[in-house]
Amino acid sequence: MSYVITLTTLDGKQIDFTCKSEQTLQDAAEAAGFFLPAVCKAGSCGTCLGRCTQGDYHLDNYNPSLLSENAREHGDVLLCCTHPDSDLQLTAPYKASQIRSGKDTPRTAEIVSIELIAERTMRLVLQLLPDQQRGVTFEFESGQFVELDVFELNLKRAYSMSNTPNLEGRLEFLIRLQPQGKFSTYLQHTAQIGYRLKVSAASGNFGVQEQSLSPRCFVAGGTGLAPFLSILQRMVDRGEDHPTQLFLGVNNEQEIFCQQELATLKQAIPHLQVEICVWQPSDTWTGFRGTPVDALRAYLASIELLPDVFLCGPPLLVEAATQVAIDAGVNSERIFCERFA
Ligand SMILES: Cc1cc2nc3c(=O)[nH]c(=O)nc-3n(C[C@H](O)[C@H](O)[C@H](O)COP(=O)(O)OP(=O)(O)OC[C@H]3O[C@@H](n4cnc5c(N)ncnc54)[C@H](O)[C@@H]3O)c2cc1C
């Protein structure tokens, strides 16, 4: 059986394609020439999220931490593992400009800096090599991510830029080293200045997309800080002084990073408050003791005007913080998530 799928983007554009019941929505869209944002295409990263507003469907196996029961009840699906059982109407959480009409041509970049900046956290800086059409220009929005591809190892992983778009073609990343993780091992034992990687086009719709009068609350689990650094720097560049609370969660004091960058941002954005949350601190730690989810709960209970809530980091943290925000009365439409799955 073949069904008609209608996908409406955040800016109200509509695309139609057909999908056979044995195809996934993601594959069918690509076959029709619509390259929707996606990374793993195996139900484990959550970048192909959409919402089904009409019709019947079923999903293949996926990482359950990416779609809560509540989200499933609202029709949230991962397009890479959804099959239609009828014609479907869907909404996408991104604008039409994020749908490419052809396969991405990855760029080549060279490692110009790689350093351990805290326990299990690396800063990686890449310099794009010029290509004929674009020079070193690389378009992205604060909050977006790219896929880095170590082509000789056939190893691709998604990472969010921690810097802002610039004319020099420089891309900066904050990367958590995972035990036995393949990309983590590459960074620790193989990567060197001068080594080359492929960089996909920027993707994702995380970030402050629209002007809302509500205060902003950013919750970062570890290197989930990366997109927030970019977003905050963009606020500085635009002279925005929107009331903003940032919670950064780490396990212990040795994992704290980017203190200098945060201090500089605080100076430039007078209404920015930063709280470092240490889950298992030493006796001498005088700051917040607990997770950023605990800090978010206490913060939401203490304020009158509920903020727009932006969450980034491990899926379990994003899930727990989403629940806390919903319980405190934040409308689910005002909760924005990026899961480092
Ligand atoms: C949109 C997006 C943006 C992201 N941005 C960032 C970012 O800015 N910074 C960042 O640090 N991360 C980010 N991530 C996460 C990143 O893409 C990688 O998933 C992460 O760096 C781990 O990659 P790895 O290759 O080192 O580990 P992997 O090899 O993928 O392994 C991950 C973990 O799983 C464990 N593991 C692997 N195989 C098995 C197995 N068979 N059984 C049990 N355990 C296993 C490993 O020990 C490791 O702890 C992002 C992810 C997404 C989807």
# chains A, B, ... in the order shown; residues from 1 in each chain; ligands from 1

call {"tool": "residues_near_ligand", "arguments": {"ligand": "ligand 1", "cutoff": "9 Å", "atoms": "only C-alpha atoms and all ligand atoms", "output": "VMD selection string"}}
result
chain A and resid 38 to 40 44 to 47 121 to 122 144 to 148 155 to 162 173 to 187 203 to 204 206 222 to 227 312 to 314 338 to 341

call {"tool": "write_last_selection", "arguments": {"atoms": "N, CA and C atoms", "output": "compact mmCIF listing (two decimals), in the first residue's frame"}}
result
# COMPACT_ATOMS: atom_id res chain seq x y z
N ALA A 38 18.19 14.81 9.71
CA ALA A 38 18.31 13.50 10.36
C ALA A 38 19.79 13.19 10.52
N VAL A 39 20.14 12.41 11.54
CA VAL A 39 21.54 12.00 11.70
C VAL A 39 21.65 10.49 11.62
N CYS A 40 21.16 9.77 12.65
CA CYS A 40 21.48 8.34 12.72
C CYS A 40 20.61 7.49 11.80
N SER A 44 17.94 6.42 17.13
CA SER A 44 18.72 6.58 18.36
C SER A 44 19.23 8.00 18.61
N CYS A 45 18.94 8.97 17.73
CA CYS A 45 19.46 10.32 18.01
C CYS A 45 18.37 11.37 18.21
N GLY A 46 17.19 11.17 17.68
CA GLY A 46 16.09 12.11 17.93
C GLY A 46 16.09 13.36 17.07
N THR A 47 16.94 13.41 16.05
CA THR A 47 17.00 14.64 15.25
C THR A 47 15.90 14.70 14.18
N THR A 121 36.37 16.39 29.23
CA THR A 121 35.79 17.36 28.28
C THR A 121 36.88 17.95 27.39
N MET A 122 36.66 17.87 26.09
CA MET A 122 37.62 18.43 25.14
C MET A 122 37.01 19.59 24.38
N GLN A 144 22.67 25.19 16.30
CA GLN A 144 22.67 24.06 15.35
C GLN A 144 23.88 23.14 15.56
N PHE A 145 23.83 21.99 14.90
CA PHE A 145 24.93 21.03 14.98
C PHE A 145 25.36 20.62 13.59
N VAL A 146 26.53 19.99 13.51
CA VAL A 146 26.99 19.38 12.26
C VAL A 146 27.35 17.92 12.54
N GLU A 147 27.52 17.14 11.51
CA GLU A 147 28.08 15.80 11.67
C GLU A 147 29.55 15.87 11.31
N LEU A 148 30.41 15.41 12.21
CA LEU A 148 31.83 15.33 11.91
C LEU A 148 32.13 13.90 11.48
N LEU A 155 33.58 7.02 10.59
CA LEU A 155 33.03 7.32 11.91
C LEU A 155 32.40 8.71 11.90
N LYS A 156 31.06 8.73 12.06
CA LYS A 156 30.35 10.02 12.01
C LYS A 156 29.62 10.26 13.32
N ARG A 157 29.75 11.47 13.87
CA ARG A 157 29.01 11.83 15.07
C ARG A 157 28.55 13.28 14.96
N ALA A 158 27.42 13.59 15.63
CA ALA A 158 26.87 14.96 15.61
C ALA A 158 27.45 15.77 16.76
N TYR A 159 27.82 17.02 16.51
CA TYR A 159 28.28 17.91 17.57
C TYR A 159 27.76 19.32 17.31
N SER A 160 27.36 20.00 18.39
CA SER A 160 26.81 21.36 18.30
C SER A 160 27.95 22.38 18.32
N MET A 161 27.84 23.41 17.51
CA MET A 161 28.85 24.45 17.51
C MET A 161 28.73 25.25 18.81
N SER A 162 29.89 25.58 19.41
CA SER A 162 29.86 26.42 20.62
C SER A 162 30.22 27.86 20.27
N PHE A 173 33.88 23.25 19.10
CA PHE A 173 33.02 22.23 19.71
C PHE A 173 33.49 21.92 21.14
N LEU A 174 32.54 21.53 21.98
CA LEU A 174 32.85 21.01 23.32
C LEU A 174 32.39 19.57 23.33
N ILE A 175 33.31 18.66 23.62
CA ILE A 175 32.98 17.24 23.46
C ILE A 175 33.27 16.46 24.74
N ARG A 176 32.26 15.79 25.22
CA ARG A 176 32.37 14.94 26.40
C ARG A 176 33.01 13.61 25.98
N LEU A 177 34.05 13.20 26.71
CA LEU A 177 34.70 11.94 26.36
C LEU A 177 33.94 10.79 27.01
N GLN A 178 33.39 9.92 26.18
CA GLN A 178 32.62 8.79 26.69
C GLN A 178 33.53 7.57 26.80
N PRO A 179 33.43 6.80 27.92
CA PRO A 179 34.29 5.62 28.05
C PRO A 179 34.07 4.66 26.88
N GLN A 180 35.15 4.26 26.26
CA GLN A 180 35.11 3.34 25.09
C GLN A 180 34.32 3.90 23.90
N GLY A 181 33.93 5.16 23.95
CA GLY A 181 33.24 5.74 22.81
C GLY A 181 34.19 5.85 21.62
N LYS A 182 33.70 5.60 20.42
CA LYS A 182 34.60 5.55 19.25
C LYS A 182 35.17 6.93 18.92
N PHE A 183 34.30 7.94 18.85
CA PHE A 183 34.80 9.27 18.51
C PHE A 183 35.66 9.80 19.66
N SER A 184 35.25 9.48 20.90
CA SER A 184 36.01 9.91 22.07
C SER A 184 37.42 9.31 22.02
N THR A 185 37.52 8.04 21.68
CA THR A 185 38.83 7.38 21.61
C THR A 185 39.66 7.99 20.50
N TYR A 186 39.01 8.29 19.36
CA TYR A 186 39.73 8.95 18.26
C TYR A 186 40.32 10.28 18.73
N LEU A 187 39.50 11.07 19.46
CA LEU A 187 39.98 12.39 19.92
C LEU A 187 41.15 12.24 20.89
N SER A 203 22.65 21.59 10.80
CA SER A 203 21.29 21.09 10.87
C SER A 203 20.70 21.37 12.26
N GLY A 204 19.41 21.12 12.39
CA GLY A 204 18.76 21.26 13.70
C GLY A 204 18.05 22.58 13.86
N PHE A 206 17.34 23.76 17.18
CA PHE A 206 17.43 24.15 18.58
C PHE A 206 17.90 25.59 18.66
N GLY A 222 26.44 19.12 31.21
CA GLY A 222 27.82 19.01 30.72
C GLY A 222 28.02 19.78 29.42
N THR A 223 28.51 19.05 28.39
CA THR A 223 28.80 19.73 27.12
C THR A 223 27.52 20.19 26.40
N GLY A 224 26.37 19.93 26.99
CA GLY A 224 25.13 20.55 26.52
C GLY A 224 25.23 22.06 26.60
N LEU A 225 26.29 22.55 27.21
CA LEU A 225 26.53 24.00 27.25
C LEU A 225 26.87 24.56 25.86
N ALA A 226 27.40 23.70 24.97
CA ALA A 226 27.93 24.19 23.67
C ALA A 226 26.93 25.10 22.93
N PRO A 227 25.71 24.64 22.63
CA PRO A 227 24.81 25.52 21.86
C PRO A 227 24.45 26.78 22.64
N CYS A 312 19.37 21.07 27.01
CA CYS A 312 20.34 20.40 26.13
C CYS A 312 21.27 19.53 26.93
N GLY A 313 21.46 18.29 26.47
CA GLY A 313 22.38 17.36 27.13
C GLY A 313 21.89 15.94 26.98
N PRO A 314 22.29 15.06 27.91
CA PRO A 314 21.89 13.65 27.81
C PRO A 314 20.36 13.50 27.83
N GLU A 338 17.29 19.72 22.92
CA GLU A 338 18.30 19.08 22.07
C GLU A 338 18.89 17.93 22.88
N ARG A 339 18.73 16.73 22.36
CA ARG A 339 19.22 15.56 23.09
C ARG A 339 20.53 15.08 22.50
N PHE A 340 21.55 14.94 23.34
CA PHE A 340 22.84 14.42 22.89
C PHE A 340 22.79 12.89 22.97
N ALA A 341 22.01 12.28 22.07
CA ALA A 341 21.82 10.83 22.15
C ALA A 341 22.86 10.12 21.29

call {"tool": "select_by_dssp", "arguments": {"residues": "segment 38-91 of chain A", "states": "alpha helix (DSSP H)", "output": "VMD selection string"}}
result
chain A and resid 69 to 73

call {"tool": "write_last_selection", "arguments": {"atoms": "C-alpha atoms", "output": "short mmCIF file (atom, residue, chain, number, x, y, z; two decimals), in the first residue's frame"}}
result
data_model
loop_
_atom_site.label_atom_id
_atom_site.label_comp_id
_atom_site.auth_asym_id
_atom_site.auth_seq_id
_atom_site.Cartn_x
_atom_site.Cartn_y
_atom_site.Cartn_z
CA GLU A 69 4.79 8.39 26.83
CA ASN A 70 3.42 11.93 26.98
CA ALA A 71 5.14 12.87 23.70
CA ARG A 72 3.84 9.69 22.01
CA GLU A 73 0.32 10.54 23.16
#

call {"tool": "residues_around", "arguments": {"residues": "Cys19 of chain A", "least_positions_apart": "5", "cutoff": "12 Å", "atoms": "only C-alpha atoms", "output": "list in words"}}
result
Met1, Ser2, Tyr3, Val4, Ile5, Thr6, Thr24, Leu25, Gln26, Asp27, Ala28, Ala29, Glu30, Ala31, Ala32, Tyr57, Leu79, Thr82, His83, Pro84, Asp85, Ser86, Asp87 and Leu88 of chain A

call {"tool": "residues_around", "arguments": {"residues": "Leu248 of chain A", "least_positions_apart": "5", "cutoff": "9 Å", "atoms": "only C-alpha atoms", "output": "mmCIF file with C-alpha atoms, in the first residue's frame"}}
result
data_model
loop_
_atom_site.group_PDB
_atom_site.id
_atom_site.type_symbol
_atom_site.label_atom_id
_atom_site.label_comp_id
_atom_site.auth_asym_id
_atom_site.auth_seq_id
_atom_site.Cartn_x
_atom_site.Cartn_y
_atom_site.Cartn_z
ATOM 1 C CA PHE A 218 18.748 27.424 29.710
ATOM 2 C CA VAL A 219 19.537 24.026 31.254
ATOM 3 C CA ALA A 220 22.757 22.338 30.142
ATOM 4 C CA GLY A 221 24.005 18.897 31.107
ATOM 5 C CA GLY A 222 27.818 19.010 30.716
ATOM 6 C CA THR A 223 28.799 19.733 27.118
ATOM 7 C CA GLY A 224 25.126 20.546 26.522
ATOM 8 C CA LEU A 225 26.534 24.004 27.247
ATOM 9 C CA ILE A 256 33.668 22.409 35.516
ATOM 10 C CA VAL A 274 24.650 31.535 35.763
ATOM 11 C CA GLU A 275 24.464 28.725 38.294
ATOM 12 C CA ILE A 276 26.902 25.816 38.209
ATOM 13 C CA CYS A 277 25.224 22.743 39.677
ATOM 14 C CA VAL A 278 27.563 20.104 41.062
ATOM 15 C CA THR A 291 21.582 18.337 39.416
ATOM 16 C CA PRO A 292 20.463 21.109 37.069
#

call {"tool": "closest_residue", "arguments": {"among": "A:Ile117, A:Leu306, A:Leu167, A:Leu316", "to": "Ala328 of chain A", "atoms": "only C-alpha atoms"}}
result
A:Leu306

call {"tool": "select_by_dssp", "arguments": {"residues": "segment 32-170 of chain A", "states": "strand (DSSP E or B)", "output": "number ranges by chain"}}
result
A: 35, 49-54, 57-59, 76-78, 82-84, 88-91, 100, 107-118, 121-128, 131, 135, 145-150, 155-161, 170

call {"tool": "write_last_selection", "arguments": {"atoms": "C-alpha atoms", "output": "PDB file, in the first residue's frame"}}
result
ATOM      1  CA  PHE A  35      16.201  15.650   2.551  1.00  0.00           C
ATOM      2  CA  LEU A  49      11.352  14.408  15.333  1.00  0.00           C
ATOM      3  CA  GLY A  50       7.942  15.282  13.893  1.00  0.00           C
ATOM      4  CA  ARG A  51       4.341  15.284  15.111  1.00  0.00           C
ATOM      5  CA  CYS A  52       1.517  13.349  13.474  1.00  0.00           C
ATOM      6  CA  THR A  53      -1.725  15.310  13.667  1.00  0.00           C
ATOM      7  CA  GLN A  54      -3.883  12.982  11.570  1.00  0.00           C
ATOM      8  CA  TYR A  57       1.070   4.777  11.765  1.00  0.00           C
ATOM      9  CA  HIS A  58       3.417   2.447  13.618  1.00  0.00           C
ATOM     10  CA  LEU A  59       7.031   2.761  14.715  1.00  0.00           C
ATOM     11  CA  ASP A  76       5.377  12.824  18.377  1.00  0.00           C
ATOM     12  CA  VAL A  77       7.248  10.408  16.110  1.00  0.00           C
ATOM     13  CA  LEU A  78      10.763   9.792  14.831  1.00  0.00           C
ATOM     14  CA  THR A  82       7.741   5.575  11.356  1.00  0.00           C
ATOM     15  CA  HIS A  83       5.663   3.654   8.783  1.00  0.00           C
ATOM     16  CA  PRO A  84       2.248   4.874   7.614  1.00  0.00           C
ATOM     17  CA  LEU A  88      -0.806  11.147   7.266  1.00  0.00           C
ATOM     18  CA  GLN A  89      -0.677  14.821   8.192  1.00  0.00           C
ATOM     19  CA  LEU A  90       2.466  15.808  10.082  1.00  0.00           C
ATOM     20  CA  THR A  91       4.086  18.948  11.424  1.00  0.00           C
ATOM     21  CA  ARG A 100      17.563  20.231   1.363  1.00  0.00           C
ATOM     22  CA  ARG A 107      33.202  20.241   3.538  1.00  0.00           C
ATOM     23  CA  THR A 108      36.760  19.440   4.571  1.00  0.00           C
ATOM     24  CA  ALA A 109      38.186  20.962   7.741  1.00  0.00           C
ATOM     25  CA  GLU A 110      41.498  20.749   9.548  1.00  0.00           C
ATOM     26  CA  ILE A 111      42.008  20.408  13.284  1.00  0.00           C
ATOM     27  CA  VAL A 112      43.690  23.610  14.516  1.00  0.00           C
ATOM     28  CA  SER A 113      43.318  23.033  18.234  1.00  0.00           C
ATOM     29  CA  ILE A 114      42.415  20.096  20.434  1.00  0.00           C
ATOM     30  CA  GLU A 115      42.692  20.354  24.211  1.00  0.00           C
ATOM     31  CA  LEU A 116      41.390  18.786  27.392  1.00  0.00           C
ATOM     32  CA  ILE A 117      39.667  21.664  29.220  1.00  0.00           C
ATOM     33  CA  ALA A 118      38.290  19.692  32.199  1.00  0.00           C
ATOM     34  CA  THR A 121      35.794  17.358  28.285  1.00  0.00           C
ATOM     35  CA  MET A 122      37.619  18.425  25.142  1.00  0.00           C
ATOM     36  CA  ARG A 123      37.493  21.591  23.104  1.00  0.00           C
ATOM     37  CA  LEU A 124      37.983  20.914  19.402  1.00  0.00           C
ATOM     38  CA  VAL A 125      38.554  23.756  16.944  1.00  0.00           C
ATOM     39  CA  LEU A 126      38.340  23.178  13.192  1.00  0.00           C
ATOM     40  CA  GLN A 127      39.339  25.421  10.306  1.00  0.00           C
ATOM     41  CA  LEU A 128      37.369  24.882   7.099  1.00  0.00           C
ATOM     42  CA  ASP A 131      36.157  25.442  -1.605  1.00  0.00           C
ATOM     43  CA  GLY A 135      35.569  29.992   0.157  1.00  0.00           C
ATOM     44  CA  PHE A 145      24.927  21.028  14.983  1.00  0.00           C
ATOM     45  CA  VAL A 146      26.986  19.379  12.257  1.00  0.00           C
ATOM     46  CA  GLU A 147      28.078  15.804  11.671  1.00  0.00           C
ATOM     47  CA  LEU A 148      31.834  15.328  11.913  1.00  0.00           C
ATOM     48  CA  ASP A 149      33.094  12.460   9.799  1.00  0.00           C
ATOM     49  CA  VAL A 150      36.477  10.809  10.351  1.00  0.00           C
ATOM     50  CA  LEU A 155      33.032   7.320  11.907  1.00  0.00           C
ATOM     51  CA  LYS A 156      30.345  10.025  12.006  1.00  0.00           C
ATOM     52  CA  ARG A 157      29.007  11.835  15.069  1.00  0.00           C
ATOM     53  CA  ALA A 158      26.874  14.956  15.609  1.00  0.00           C
ATOM     54  CA  TYR A 159      28.278  17.914  17.569  1.00  0.00           C
ATOM     55  CA  SER A 160      26.813  21.363  18.295  1.00  0.00           C
ATOM     56  CA  MET A 161      28.854  24.448  17.512  1.00  0.00           C
ATOM     57  CA  ARG A 170      36.240  28.455  12.241  1.00  0.00           C
TER      58      ARG A 170
END

call {"tool": "atom_distance", "arguments": {"atom1": "atom CA of Gln14 of chain A", "atom2": "atom CA of Cys81 of chain A"}}
result
21.2 Å

call {"tool": "residues_around", "arguments": {"residues": "Lys266 of chain A", "least_positions_apart": "4", "cutoff": "12 Å", "atoms": "only C-alpha atoms", "output": "VMD selection string"}}
result
chain A and resid 229 232 to 233 235 to 236 241 to 246 259 to 262 270 to 275

call {"tool": "write_last_selection", "arguments": {"atoms": "C-alpha atoms", "output": "CSV table (one decimal), in the first residue's frame"}}
result
chain,number,residue,atom,x,y,z
A,229,LEU,CA,27.5,29.5,24.5
A,232,LEU,CA,24.5,33.7,24.4
A,233,GLN,CA,27.4,35.1,22.2
A,235,MET,CA,22.8,37.8,22.2
A,236,VAL,CA,25.9,39.8,22.9
A,241,ASP,CA,19.8,41.8,27.3
A,242,HIS,CA,16.9,39.4,27.7
A,243,PRO,CA,16.5,38.1,31.3
A,244,THR,CA,18.2,34.7,31.1
A,245,GLN,CA,19.0,32.0,33.7
A,246,LEU,CA,21.6,29.3,32.8
A,259,GLN,CA,34.3,29.5,33.6
A,260,GLN,CA,36.1,32.3,31.9
A,261,GLU,CA,33.8,32.4,28.9
A,262,LEU,CA,30.7,32.4,31.2
A,270,PRO,CA,23.7,42.1,32.7
A,271,HIS,CA,20.5,40.1,33.0
A,272,LEU,CA,22.2,36.8,32.6
A,273,GLN,CA,22.4,34.6,35.8
A,274,VAL,CA,24.6,31.5,35.8
A,275,GLU,CA,24.5,28.7,38.3
